[in-house]
Amino acid sequence: MTRIFNNPSDFAEEALAGFCDVHANLVRQVPGGAVRRHRPRQPKVAVLAGGGSGHYPAFAGLIGTGLADGAVVGNIFTSPSAQQAYSVAKAADSGAGVVFTYGNYAGDVMNFGMASERLAAEGIEVENVLVTDDVASAPPSESEKRRGIAGDFTVFKIMGAAAEAGADLAEVVRLGRKANDLTRTIGTAFHGCTFPGAEAPLFTLEDRQMGLGLGIHGEPGLFDTDLPPAKELGQEFVSRLLAETPHGAGDRIAVILNGLGSTKHEELFVLWLSVATLLRAAGYTLVMPEVGELVTSLDMAGVSLTVTWLDDELEPLWTAPAETPAYRRGNAALPGGEADESATAEDTEAPEAFAAAEASRDYAQQCVAALAAAREAIHDAEKFLGDLDAIAGDGDHGRGMVRGIDAASAAVADAASRGAGAGAALAAAGDAWADNAGGTSGVLWGAGLRAFGEAVGNDQAPSAAELAAAVAAFAARIAELGKAEVGDKTMVDALVPFAETFSRLTSEGAGADAGWAEAAREAASAAQATAALRPLKGRARPLAEKSVGTPDPGATSLAMVFTVFGPHLAGVRQAAGARP
Ligand code: ADP
Ligand code: MG
């Protein structure tokens, strides 16, 4: 149970603000996350860890000498937005380039990727290092699909130490990728975590059961099994990891026995005894092992074991000193450089001036009504969508959609009230959605709405054919970013039938309103039909079997939103305002 909070949706922001206050000597809050308080004396590579909140000490607790230069902090279990990543990178960059490092999740890959494009366009050298240590999440032959869990810590530590020692960007990246290639984790869950304000945990297990192959976002284990005595659990972990010993690996290893949030240290020590004994018996020397909480999942009960096979270049980086709020080792030099007191508020830009035709301004009002209707529908469905996502994903889809639609409907209304045409108003809505929702669906919805708006433009209300082209642009942008195909069990499964039906009916001469309504029915039944599928993309993929029988949350919400959009975006007034 998470018991201490005000408004649950402010939990992550308030936790970050409190953390930055108490550790003000080491960290400084900036838009999108936090960075080191002191700027480096000389340009150094900025190692920026990131991901959702709820994993403390990952990620902001690891900011400091010898470790991260900054952390990009998303909402609970939700990828930060591209804007957040960009803004933290700008605050942390000291001229030697930046590297984003994070667990391999679709939302993070897309958002950090989009931020990287923007930074590169400004001439800042930028790289991404993904962590893929979870052996339970894909077979060895598909190790690039594995998700990142507690192995995040080893990879961040090694990169942070390399950057501190003055390595250049290419070298920090090479060492980070090497550390990741040599890192494996397996974990088990005993009890799911509970979101602040939620009444029930994301999953539960029968007494004396455990879910082997845990995720760190409340994803349940891959399969449930009897809870064995500690000795057997240690044996299970060690044998699963050693079965994946990297080719040519040496006999010195870094080891982390990680508690997920509400597992007692004493329990970890009991398990450690069996793990350490087995690893030593297998001929390994354990180098600076860690037992404690390094990557958590709110208040989840669970434990994971991480092994990183060291070599002559990784070992000194693993053992190098570090001084951060949550992790101190050895004697890290006191923070160098000047304390950075620069303002933390976001730069205020002058409001945009809009040029638009009258008909487009009128249509912008219909867009305002469309997003308001979607907002109501999504608010009503928040719990339902969260529950769908909790079955094989992380349970945040309802909350993410609410955050996205709230921001988007406010942004479209604001832009329209300032004279924006429909295109500019929808683009603003998209940007606001992506910035505020985070997560995989957030970045896709945001980019899709922007593309829709750009296609609609600001010169007229769209004809039925132009509306079909805008829907196609929405779908194309989502396909381009997410790379999902029909059948992968994602929102694309509802979107493609919608776009195809709408385009076909309008080209056959159906009115936009009738065509839209029919297309929305197609989307709803396609969304329902995803229940039979196994997910091939996104967070639900490792738990594909659990997902069978439940419709995809993103497809379900997309069908909902498109259904209520219809009367507004393709309604009678649209036809009246359209060019002949
Ligand atoms: P997250 O997965 O980051 O927690 P959400 O829970 O908000 O994000 O959204 C989950 C939904 O995102 C899934 O149900 C699926 O419809 C959609 N999704 C996941 N990956 C992709 C992808 N690569 N392309 C399109 N849609 C995706
Ligand atoms: Mg989710």
# chains A, B, ... in the order shown; residues from 1 in each chain; ligands from 1
$ residues_around --residues "Phe112 (chain A)" --least-positions-apart "6" --cutoff "12 Å" --atoms "only C-alpha atoms" --output "ChimeraX atom specification"
/A:48-51,72-74,79-89,98-106,118-120,126-130,438-440,443
$ residues_near_ligand --ligand "ligand 2" --cutoff "8 Å" --atoms "only C-alpha atoms and all ligand atoms" --output "PDB file with N, CA and C atoms, in the first residue's frame"
ATOM      1  N   PHE A  77       6.087   4.789 -13.371  1.00  0.00           N
ATOM      2  CA  PHE A  77       6.209   3.677 -14.325  1.00  0.00           C
ATOM      3  C   PHE A  77       5.988   4.110 -15.769  1.00  0.00           C
ATOM      4  N   THR A  78       6.089   5.384 -16.035  1.00  0.00           N
ATOM      5  CA  THR A  78       5.760   5.882 -17.366  1.00  0.00           C
ATOM      6  C   THR A  78       6.985   6.556 -17.951  1.00  0.00           C
ATOM      7  N   GLY A 386      -6.950   1.052 -17.123  1.00  0.00           N
ATOM      8  CA  GLY A 386      -5.847   0.672 -16.238  1.00  0.00           C
ATOM      9  C   GLY A 386      -5.896  -0.818 -15.929  1.00  0.00           C
ATOM     10  N   ASP A 389      -4.680  -2.878 -18.788  1.00  0.00           N
ATOM     11  CA  ASP A 389      -3.221  -2.780 -18.925  1.00  0.00           C
ATOM     12  C   ASP A 389      -2.500  -3.540 -17.813  1.00  0.00           C
ATOM     13  N   ALA A 390      -3.176  -3.727 -16.678  1.00  0.00           N
ATOM     14  CA  ALA A 390      -2.521  -4.411 -15.553  1.00  0.00           C
ATOM     15  C   ALA A 390      -2.406  -5.912 -15.803  1.00  0.00           C
ATOM     16  N   GLY A 393       0.475  -5.693 -18.860  1.00  0.00           N
ATOM     17  CA  GLY A 393       1.342  -4.509 -18.922  1.00  0.00           C
ATOM     18  C   GLY A 393       1.573  -3.981 -17.518  1.00  0.00           C
ATOM     19  N   ASP A 394       1.596  -2.662 -17.383  1.00  0.00           N
ATOM     20  CA  ASP A 394       1.981  -2.061 -16.111  1.00  0.00           C
ATOM     21  C   ASP A 394       0.849  -1.277 -15.465  1.00  0.00           C
ATOM     22  N   GLY A 395      -0.342  -1.333 -16.020  1.00  0.00           N
ATOM     23  CA  GLY A 395      -1.495  -0.756 -15.337  1.00  0.00           C
ATOM     24  C   GLY A 395      -1.623   0.749 -15.424  1.00  0.00           C
ATOM     25  N   ASP A 396      -0.796   1.385 -16.261  1.00  0.00           N
ATOM     26  CA  ASP A 396      -0.824   2.850 -16.272  1.00  0.00           C
ATOM     27  C   ASP A 396      -1.575   3.431 -17.469  1.00  0.00           C
ATOM     28  N   HIS A 397      -2.200   2.591 -18.258  1.00  0.00           N
ATOM     29  CA  HIS A 397      -2.772   3.124 -19.494  1.00  0.00           C
ATOM     30  C   HIS A 397      -3.909   4.108 -19.237  1.00  0.00           C
ATOM     31  N   GLY A 400      -2.308   7.333 -17.962  1.00  0.00           N
ATOM     32  CA  GLY A 400      -1.586   7.997 -19.052  1.00  0.00           C
ATOM     33  C   GLY A 400      -2.543   8.667 -20.028  1.00  0.00           C
ATOM     34  N   GLY A 439       4.918   7.585 -21.517  1.00  0.00           N
ATOM     35  CA  GLY A 439       4.499   6.234 -21.898  1.00  0.00           C
ATOM     36  C   GLY A 439       4.477   6.032 -23.401  1.00  0.00           C
ATOM     37  N   THR A 440       4.261   4.797 -23.787  1.00  0.00           N
ATOM     38  CA  THR A 440       4.260   4.468 -25.203  1.00  0.00           C
ATOM     39  C   THR A 440       3.067   5.091 -25.900  1.00  0.00           C
ATOM     40  N   SER A 441       1.896   4.918 -25.313  1.00  0.00           N
ATOM     41  CA  SER A 441       0.717   5.445 -25.983  1.00  0.00           C
ATOM     42  C   SER A 441       0.776   6.967 -26.031  1.00  0.00           C
ATOM     43  N   ARG A 539       5.127  -3.304 -23.707  1.00  0.00           N
ATOM     44  CA  ARG A 539       5.425  -3.880 -22.409  1.00  0.00           C
ATOM     45  C   ARG A 539       4.748  -5.218 -22.185  1.00  0.00           C
TER      46      ARG A 539
END
$ closest_residue --among "A:Asp251, A:Asp10, A:Glu518, A:Glu485" --to "ligand 1" --atoms "only C-alpha atoms and all ligand atoms"
A:Glu485
$ residues_around --residues "Pro196 (chain A)" --least-positions-apart "4" --cutoff "9 Å" --atoms "only C-alpha atoms" --output "PDB file with C-alpha atoms, in the first residue's frame"
ATOM      1  CA  MET A   1       0.000   0.000   0.000  1.00  0.00           C
ATOM      2  CA  THR A   2       1.249   3.509  -0.739  1.00  0.00           C
ATOM      3  CA  ARG A   3      -0.159   5.515   2.147  1.00  0.00           C
ATOM      4  CA  ILE A   4       1.465   8.926   2.041  1.00  0.00           C
ATOM      5  CA  PHE A   5       0.270  11.176  -0.739  1.00  0.00           C
ATOM      6  CA  ASN A   7      -3.475  14.122  -4.893  1.00  0.00           C
ATOM      7  CA  PRO A   8      -2.307  10.747  -6.287  1.00  0.00           C
ATOM      8  CA  SER A   9      -1.618  12.227  -9.709  1.00  0.00           C
ATOM      9  CA  PHE A  11       2.763  11.865  -6.348  1.00  0.00           C
TER      10      PHE A  11
END
$ residues_around --residues "Leu444 (chain A)" --least-positions-apart "4" --cutoff "9 Å" --atoms "only C-alpha atoms" --output "PDB file with N, CA and C atoms, in the first residue's frame"
ATOM      1  N   GLY A 107       8.252   2.911 -24.987  1.00  0.00           N
ATOM      2  CA  GLY A 107       7.980   4.329 -24.753  1.00  0.00           C
ATOM      3  C   GLY A 107       9.265   5.105 -24.533  1.00  0.00           C
ATOM      4  N   MET A 110      11.263   5.491 -27.810  1.00  0.00           N
ATOM      5  CA  MET A 110      10.717   6.521 -28.705  1.00  0.00           C
ATOM      6  C   MET A 110      10.963   7.924 -28.168  1.00  0.00           C
ATOM      7  N   ALA A 434       1.811  14.563 -25.704  1.00  0.00           N
ATOM      8  CA  ALA A 434       3.081  13.836 -25.584  1.00  0.00           C
ATOM      9  C   ALA A 434       3.858  14.291 -24.355  1.00  0.00           C
ATOM     10  N   GLY A 439       4.918   7.585 -21.517  1.00  0.00           N
ATOM     11  CA  GLY A 439       4.499   6.234 -21.898  1.00  0.00           C
ATOM     12  C   GLY A 439       4.477   6.032 -23.401  1.00  0.00           C
ATOM     13  N   THR A 440       4.261   4.797 -23.787  1.00  0.00           N
ATOM     14  CA  THR A 440       4.260   4.468 -25.203  1.00  0.00           C
ATOM     15  C   THR A 440       3.067   5.091 -25.900  1.00  0.00           C
ATOM     16  N   GLY A 448       0.810  11.500 -33.371  1.00  0.00           N
ATOM     17  CA  GLY A 448      -0.282  11.258 -34.320  1.00  0.00           C
ATOM     18  C   GLY A 448      -1.188  12.470 -34.449  1.00  0.00           C
ATOM     19  N   LEU A 449      -1.562  13.058 -33.322  1.00  0.00           N
ATOM     20  CA  LEU A 449      -2.442  14.236 -33.379  1.00  0.00           C
ATOM     21  C   LEU A 449      -1.763  15.404 -34.086  1.00  0.00           C
ATOM     22  N   ARG A 477       2.163   8.214 -39.033  1.00  0.00           N
ATOM     23  CA  ARG A 477       3.134   8.684 -38.035  1.00  0.00           C
ATOM     24  C   ARG A 477       3.275   7.653 -36.904  1.00  0.00           C
ATOM     25  N   ILE A 478       2.161   7.065 -36.526  1.00  0.00           N
ATOM     26  CA  ILE A 478       2.199   6.069 -35.443  1.00  0.00           C
ATOM     27  C   ILE A 478       2.930   4.806 -35.900  1.00  0.00           C
ATOM     28  N   ALA A 479       2.708   4.444 -37.158  1.00  0.00           N
ATOM     29  CA  ALA A 479       3.407   3.265 -37.689  1.00  0.00           C
ATOM     30  C   ALA A 479       4.901   3.540 -37.781  1.00  0.00           C
ATOM     31  N   LEU A 481       6.753   5.630 -35.981  1.00  0.00           N
ATOM     32  CA  LEU A 481       7.413   5.682 -34.673  1.00  0.00           C
ATOM     33  C   LEU A 481       7.397   4.341 -33.950  1.00  0.00           C
ATOM     34  N   GLY A 482       6.244   3.679 -33.948  1.00  0.00           N
ATOM     35  CA  GLY A 482       6.096   2.475 -33.133  1.00  0.00           C
ATOM     36  C   GLY A 482       6.480   1.207 -33.865  1.00  0.00           C
TER      37      GLY A 482
END
$ select_by_dssp --residues "region 423-529 of chain A" --states "helix (DSSP H, G or I)" --output "PyMOL selection string"
chain A and resi 423-437+439-456+464-482+492-507+512-529
$ closest_residue --among "A:Gly430, A:Gly151, A:Gly538, A:Gly18" --to "Ala451 (chain A)" --atoms "only C-alpha atoms"
A:Gly430
$ closest_residue --among "A:Asp108, A:Glu117, A:Asp362, A:Asp312" --to "ligand 1" --atoms "only C-alpha atoms and all ligand atoms"
A:Asp108
$ residues_around --residues "Glu290 (chain A)" --least-positions-apart "2" --cutoff "9 Å" --atoms "only C-alpha atoms" --output "MDAnalysis selection string"
chainID A and resid 254:258 288 292:294
$ write_last_selection --atoms "all heavy atoms" --output "PDB file, in the first residue's frame"
ATOM      1  N   ALA A 254      30.491  -8.863 -10.718  1.00  0.00           N
ATOM      2  CA  ALA A 254      29.755  -7.934  -9.860  1.00  0.00           C
ATOM      3  C   ALA A 254      28.385  -8.558  -9.628  1.00  0.00           C
ATOM      4  O   ALA A 254      27.801  -9.117 -10.551  1.00  0.00           O
ATOM      5  CB  ALA A 254      29.605  -6.581 -10.545  1.00  0.00           C
ATOM      6  N   VAL A 255      27.899  -8.497  -8.389  1.00  0.00           N
ATOM      7  CA  VAL A 255      26.621  -9.143  -8.076  1.00  0.00           C
ATOM      8  C   VAL A 255      25.719  -8.156  -7.337  1.00  0.00           C
ATOM      9  O   VAL A 255      26.184  -7.437  -6.449  1.00  0.00           O
ATOM     10  CB  VAL A 255      26.834 -10.381  -7.170  1.00  0.00           C
ATOM     11  CG1 VAL A 255      25.542 -11.180  -7.050  1.00  0.00           C
ATOM     12  CG2 VAL A 255      27.947 -11.263  -7.708  1.00  0.00           C
ATOM     13  N   ILE A 256      24.455  -8.127  -7.729  1.00  0.00           N
ATOM     14  CA  ILE A 256      23.479  -7.306  -6.999  1.00  0.00           C
ATOM     15  C   ILE A 256      22.316  -8.194  -6.605  1.00  0.00           C
ATOM     16  O   ILE A 256      21.701  -8.841  -7.456  1.00  0.00           O
ATOM     17  CB  ILE A 256      22.920  -6.170  -7.892  1.00  0.00           C
ATOM     18  CG1 ILE A 256      24.028  -5.240  -8.363  1.00  0.00           C
ATOM     19  CG2 ILE A 256      21.859  -5.388  -7.150  1.00  0.00           C
ATOM     20  CD1 ILE A 256      23.549  -4.191  -9.353  1.00  0.00           C
ATOM     21  N   LEU A 257      22.019  -8.221  -5.324  1.00  0.00           N
ATOM     22  CA  LEU A 257      20.788  -8.860  -4.868  1.00  0.00           C
ATOM     23  C   LEU A 257      19.870  -7.708  -4.468  1.00  0.00           C
ATOM     24  O   LEU A 257      20.120  -6.992  -3.499  1.00  0.00           O
ATOM     25  CB  LEU A 257      21.055  -9.800  -3.694  1.00  0.00           C
ATOM     26  CG  LEU A 257      19.873 -10.701  -3.332  1.00  0.00           C
ATOM     27  CD1 LEU A 257      19.536 -11.667  -4.466  1.00  0.00           C
ATOM     28  CD2 LEU A 257      20.170 -11.493  -2.067  1.00  0.00           C
ATOM     29  N   ASN A 258      18.837  -7.509  -5.263  1.00  0.00           N
ATOM     30  CA  ASN A 258      18.061  -6.274  -5.206  1.00  0.00           C
ATOM     31  C   ASN A 258      16.665  -6.513  -4.649  1.00  0.00           C
ATOM     32  O   ASN A 258      15.936  -7.380  -5.135  1.00  0.00           O
ATOM     33  CB  ASN A 258      17.968  -5.744  -6.652  1.00  0.00           C
ATOM     34  CG  ASN A 258      17.113  -4.508  -6.775  1.00  0.00           C
ATOM     35  OD1 ASN A 258      17.374  -3.507  -6.111  1.00  0.00           O
ATOM     36  ND2 ASN A 258      16.098  -4.578  -7.623  1.00  0.00           N
ATOM     37  N   MET A 288      32.822  -6.571  -4.920  1.00  0.00           N
ATOM     38  CA  MET A 288      31.988  -5.491  -4.369  1.00  0.00           C
ATOM     39  C   MET A 288      30.493  -5.755  -4.574  1.00  0.00           C
ATOM     40  O   MET A 288      29.797  -4.962  -5.180  1.00  0.00           O
ATOM     41  CB  MET A 288      32.373  -4.156  -5.008  1.00  0.00           C
ATOM     42  CG  MET A 288      32.301  -2.991  -4.051  1.00  0.00           C
ATOM     43  SD  MET A 288      32.805  -1.433  -4.832  1.00  0.00           S
ATOM     44  CE  MET A 288      31.383  -1.032  -5.802  1.00  0.00           C
ATOM     45  N   GLY A 292      20.639  -4.898  -1.365  1.00  0.00           N
ATOM     46  CA  GLY A 292      19.813  -3.777  -0.919  1.00  0.00           C
ATOM     47  C   GLY A 292      18.859  -3.357  -2.011  1.00  0.00           C
ATOM     48  O   GLY A 292      18.601  -4.122  -2.934  1.00  0.00           O
ATOM     49  N   GLU A 293      18.336  -2.143  -1.883  1.00  0.00           N
ATOM     50  CA  GLU A 293      17.373  -1.658  -2.870  1.00  0.00           C
ATOM     51  C   GLU A 293      18.063  -0.716  -3.835  1.00  0.00           C
ATOM     52  O   GLU A 293      18.506   0.362  -3.462  1.00  0.00           O
ATOM     53  CB  GLU A 293      16.218  -0.947  -2.164  1.00  0.00           C
ATOM     54  CG  GLU A 293      15.362  -1.924  -1.378  1.00  0.00           C
ATOM     55  CD  GLU A 293      14.110  -1.277  -0.793  1.00  0.00           C
ATOM     56  OE1 GLU A 293      13.987  -0.040  -0.850  1.00  0.00           O
ATOM     57  OE2 GLU A 293      13.273  -2.024  -0.274  1.00  0.00           O
ATOM     58  N   LEU A 294      18.174  -1.124  -5.077  1.00  0.00           N
ATOM     59  CA  LEU A 294      18.808  -0.273  -6.087  1.00  0.00           C
ATOM     60  C   LEU A 294      17.857   0.082  -7.218  1.00  0.00           C
ATOM     61  O   LEU A 294      17.916   1.165  -7.774  1.00  0.00           O
ATOM     62  CB  LEU A 294      20.067  -0.951  -6.624  1.00  0.00           C
ATOM     63  CG  LEU A 294      21.164  -1.000  -5.553  1.00  0.00           C
ATOM     64  CD1 LEU A 294      22.248  -1.985  -5.899  1.00  0.00           C
ATOM     65  CD2 LEU A 294      21.756   0.378  -5.314  1.00  0.00           C
TER      66      LEU A 294
END
$ atom_distance --atom1 "CA of Ser409 (chain A)" --atom2 "CA of Ala432 (chain A)"
8.8 Å
$ closest_residue --among "A:Val172, A:Ile76, A:Asn180, A:Ala249" --to "ligand 1" --atoms "only C-alpha atoms and all ligand atoms"
A:Ile76
$ residues_around --residues "Ala472 (chain A)" --least-positions-apart "6" --cutoff "12 Å" --atoms "only C-alpha atoms" --output "ChimeraX atom specification"
/A:448-449,451-456,465-466,478-479,492,495-504
$ write_last_selection --atoms "N, CA, C and O atoms" --output "tab-separated table (two decimals), in the first residue's frame"
chain	number	residue	atom	x	y	z
A	448	GLY	N	0.81	11.50	-33.37
A	448	GLY	CA	-0.28	11.26	-34.32
A	448	GLY	C	-1.19	12.47	-34.45
A	448	GLY	O	-1.53	12.90	-35.56
A	449	LEU	N	-1.56	13.06	-33.32
A	449	LEU	CA	-2.44	14.24	-33.38
A	449	LEU	C	-1.76	15.40	-34.09
A	449	LEU	O	-2.39	16.13	-34.85
A	451	ALA	N	0.47	15.16	-36.43
A	451	ALA	CA	0.46	14.86	-37.87
A	451	ALA	C	-0.94	15.09	-38.45
A	451	ALA	O	-1.08	15.61	-39.57
A	452	PHE	N	-1.96	14.72	-37.71
A	452	PHE	CA	-3.34	14.95	-38.13
A	452	PHE	C	-3.56	16.45	-38.35
A	452	PHE	O	-4.09	16.89	-39.38
A	453	GLY	N	-3.12	17.24	-37.37
A	453	GLY	CA	-3.29	18.69	-37.47
A	453	GLY	C	-2.53	19.27	-38.66
A	453	GLY	O	-3.06	20.09	-39.41
A	454	GLU	N	-1.30	18.82	-38.85
A	454	GLU	CA	-0.52	19.35	-39.97
A	454	GLU	C	-1.22	19.03	-41.29
A	454	GLU	O	-1.19	19.83	-42.23
A	455	ALA	N	-1.84	17.85	-41.37
A	455	ALA	CA	-2.54	17.50	-42.61
A	455	ALA	C	-3.80	18.34	-42.79
A	455	ALA	O	-4.13	18.76	-43.90
A	456	VAL	N	-4.50	18.62	-41.72
A	456	VAL	CA	-5.73	19.43	-41.81
A	456	VAL	C	-5.39	20.87	-42.21
A	456	VAL	O	-6.10	21.50	-42.99
A	465	ALA	N	-12.50	13.99	-48.08
A	465	ALA	CA	-11.25	13.40	-48.59
A	465	ALA	C	-10.06	13.92	-47.80
A	465	ALA	O	-9.11	13.17	-47.49
A	466	GLU	N	-10.10	15.20	-47.46
A	466	GLU	CA	-8.98	15.76	-46.69
A	466	GLU	C	-8.95	15.19	-45.27
A	466	GLU	O	-7.88	14.97	-44.70
A	478	ILE	N	2.16	7.07	-36.53
A	478	ILE	CA	2.20	6.07	-35.44
A	478	ILE	C	2.93	4.81	-35.90
A	478	ILE	O	3.71	4.22	-35.16
A	479	ALA	N	2.71	4.44	-37.16
A	479	ALA	CA	3.41	3.27	-37.69
A	479	ALA	C	4.90	3.54	-37.78
A	479	ALA	O	5.74	2.70	-37.44
A	492	VAL	N	-2.54	-0.03	-33.21
A	492	VAL	CA	-2.54	-0.09	-34.68
A	492	VAL	C	-3.62	-1.05	-35.19
A	492	VAL	O	-4.20	-0.86	-36.26
A	495	LEU	N	-6.57	1.13	-35.32
A	495	LEU	CA	-6.36	2.33	-36.15
A	495	LEU	C	-6.39	2.01	-37.64
A	495	LEU	O	-7.01	2.73	-38.42
A	496	VAL	N	-5.74	0.95	-38.05
A	496	VAL	CA	-5.67	0.65	-39.48
A	496	VAL	C	-7.06	0.34	-40.05
A	496	VAL	O	-7.43	0.92	-41.08
A	497	PRO	N	-7.87	-0.51	-39.39
A	497	PRO	CA	-9.22	-0.71	-39.92
A	497	PRO	C	-10.03	0.59	-39.95
A	497	PRO	O	-10.79	0.83	-40.89
A	498	PHE	N	-9.82	1.44	-38.95
A	498	PHE	CA	-10.53	2.73	-38.97
A	498	PHE	C	-10.13	3.51	-40.22
A	498	PHE	O	-10.99	3.96	-40.98
A	499	ALA	N	-8.83	3.68	-40.40
A	499	ALA	CA	-8.35	4.52	-41.51
A	499	ALA	C	-8.77	3.93	-42.85
A	499	ALA	O	-9.20	4.65	-43.76
A	500	GLU	N	-8.68	2.61	-42.98
A	500	GLU	CA	-9.04	1.99	-44.27
A	500	GLU	C	-10.53	2.12	-44.56
A	500	GLU	O	-10.93	2.46	-45.67
A	501	THR	N	-11.34	1.87	-43.54
A	501	THR	CA	-12.80	1.95	-43.75
A	501	THR	C	-13.21	3.39	-44.08
A	501	THR	O	-13.98	3.64	-45.01
A	502	PHE	N	-12.67	4.32	-43.33
A	502	PHE	CA	-13.06	5.72	-43.55
A	502	PHE	C	-12.64	6.18	-44.94
A	502	PHE	O	-13.40	6.82	-45.67
A	503	SER	N	-11.44	5.81	-45.33
A	503	SER	CA	-10.95	6.22	-46.64
A	503	SER	C	-11.80	5.59	-47.75
A	503	SER	O	-12.19	6.25	-48.71
A	504	ARG	N	-12.09	4.29	-47.59
A	504	ARG	CA	-12.89	3.60	-48.63
A	504	ARG	C	-14.28	4.23	-48.73
A	504	ARG	O	-14.74	4.58	-49.81
$ closest_residue --among "A:Gly234, A:Gly398, A:Gly197, A:Gly549" --to "Leu533 (chain A)" --atoms "only C-alpha atoms"
A:Gly549
$ closest_residue --among "A:Val287, A:Ala424, A:Leu278, A:Val109" --to "ligand 1" --atoms "only C-alpha atoms and all ligand atoms"
A:Val109
$ residues_around --residues "Glu232 (chain A)" --least-positions-apart "4" --cutoff "10 Å" --atoms "only C-alpha atoms" --output "PDB file with N, CA, C and O atoms, in the first residue's frame"
ATOM      1  N   LEU A 227       6.353 -21.153  -3.644  1.00  0.00           N
ATOM      2  CA  LEU A 227       7.461 -20.422  -3.027  1.00  0.00           C
ATOM      3  C   LEU A 227       8.371 -21.439  -2.334  1.00  0.00           C
ATOM      4  O   LEU A 227       7.956 -22.092  -1.395  1.00  0.00           O
ATOM      5  N   PRO A 228       9.616 -21.569  -2.806  1.00  0.00           N
ATOM      6  CA  PRO A 228      10.495 -22.574  -2.205  1.00  0.00           C
ATOM      7  C   PRO A 228      11.233 -22.005  -1.002  1.00  0.00           C
ATOM      8  O   PRO A 228      11.206 -20.795  -0.782  1.00  0.00           O
ATOM      9  N   GLU A 236      17.709 -21.651  -7.811  1.00  0.00           N
ATOM     10  CA  GLU A 236      16.924 -21.338  -9.026  1.00  0.00           C
ATOM     11  C   GLU A 236      17.530 -20.118  -9.747  1.00  0.00           C
ATOM     12  O   GLU A 236      17.774 -20.134 -10.952  1.00  0.00           O
ATOM     13  N   PHE A 237      17.769 -19.068  -8.975  1.00  0.00           N
ATOM     14  CA  PHE A 237      18.330 -17.836  -9.550  1.00  0.00           C
ATOM     15  C   PHE A 237      19.705 -18.104 -10.164  1.00  0.00           C
ATOM     16  O   PHE A 237      19.978 -17.740 -11.308  1.00  0.00           O
ATOM     17  N   VAL A 238      20.572 -18.716  -9.360  1.00  0.00           N
ATOM     18  CA  VAL A 238      21.956 -18.889  -9.803  1.00  0.00           C
ATOM     19  C   VAL A 238      22.006 -19.782 -11.036  1.00  0.00           C
ATOM     20  O   VAL A 238      22.700 -19.484 -12.017  1.00  0.00           O
ATOM     21  N   LEU A 271      18.826 -14.864   1.706  1.00  0.00           N
ATOM     22  CA  LEU A 271      18.953 -15.358   0.331  1.00  0.00           C
ATOM     23  C   LEU A 271      20.392 -15.204  -0.163  1.00  0.00           C
ATOM     24  O   LEU A 271      20.921 -16.058  -0.875  1.00  0.00           O
ATOM     25  N   SER A 274      22.757 -18.085   0.417  1.00  0.00           N
ATOM     26  CA  SER A 274      22.723 -19.227  -0.496  1.00  0.00           C
ATOM     27  C   SER A 274      23.273 -18.839  -1.866  1.00  0.00           C
ATOM     28  O   SER A 274      24.014 -19.592  -2.498  1.00  0.00           O
ATOM     29  N   VAL A 275      22.960 -17.631  -2.324  1.00  0.00           N
ATOM     30  CA  VAL A 275      23.439 -17.180  -3.636  1.00  0.00           C
ATOM     31  C   VAL A 275      24.972 -17.100  -3.647  1.00  0.00           C
ATOM     32  O   VAL A 275      25.641 -17.613  -4.552  1.00  0.00           O
TER      33      VAL A 275
END
$ atom_distance --atom1 "CA of Leu169 (chain A)" --atom2 "CA of Asp134 (chain A)"
25.8 Å
$ select_by_dssp --residues "region 301-379 of chain A" --states "strand (DSSP E or B)" --output "ChimeraX atom specification"
/A:301-309,322-323,328-329,339
$ atom_distance --atom1 "CA of Glu13 (chain A)" --atom2 "CA of Lys90 (chain A)"
20.0 Å
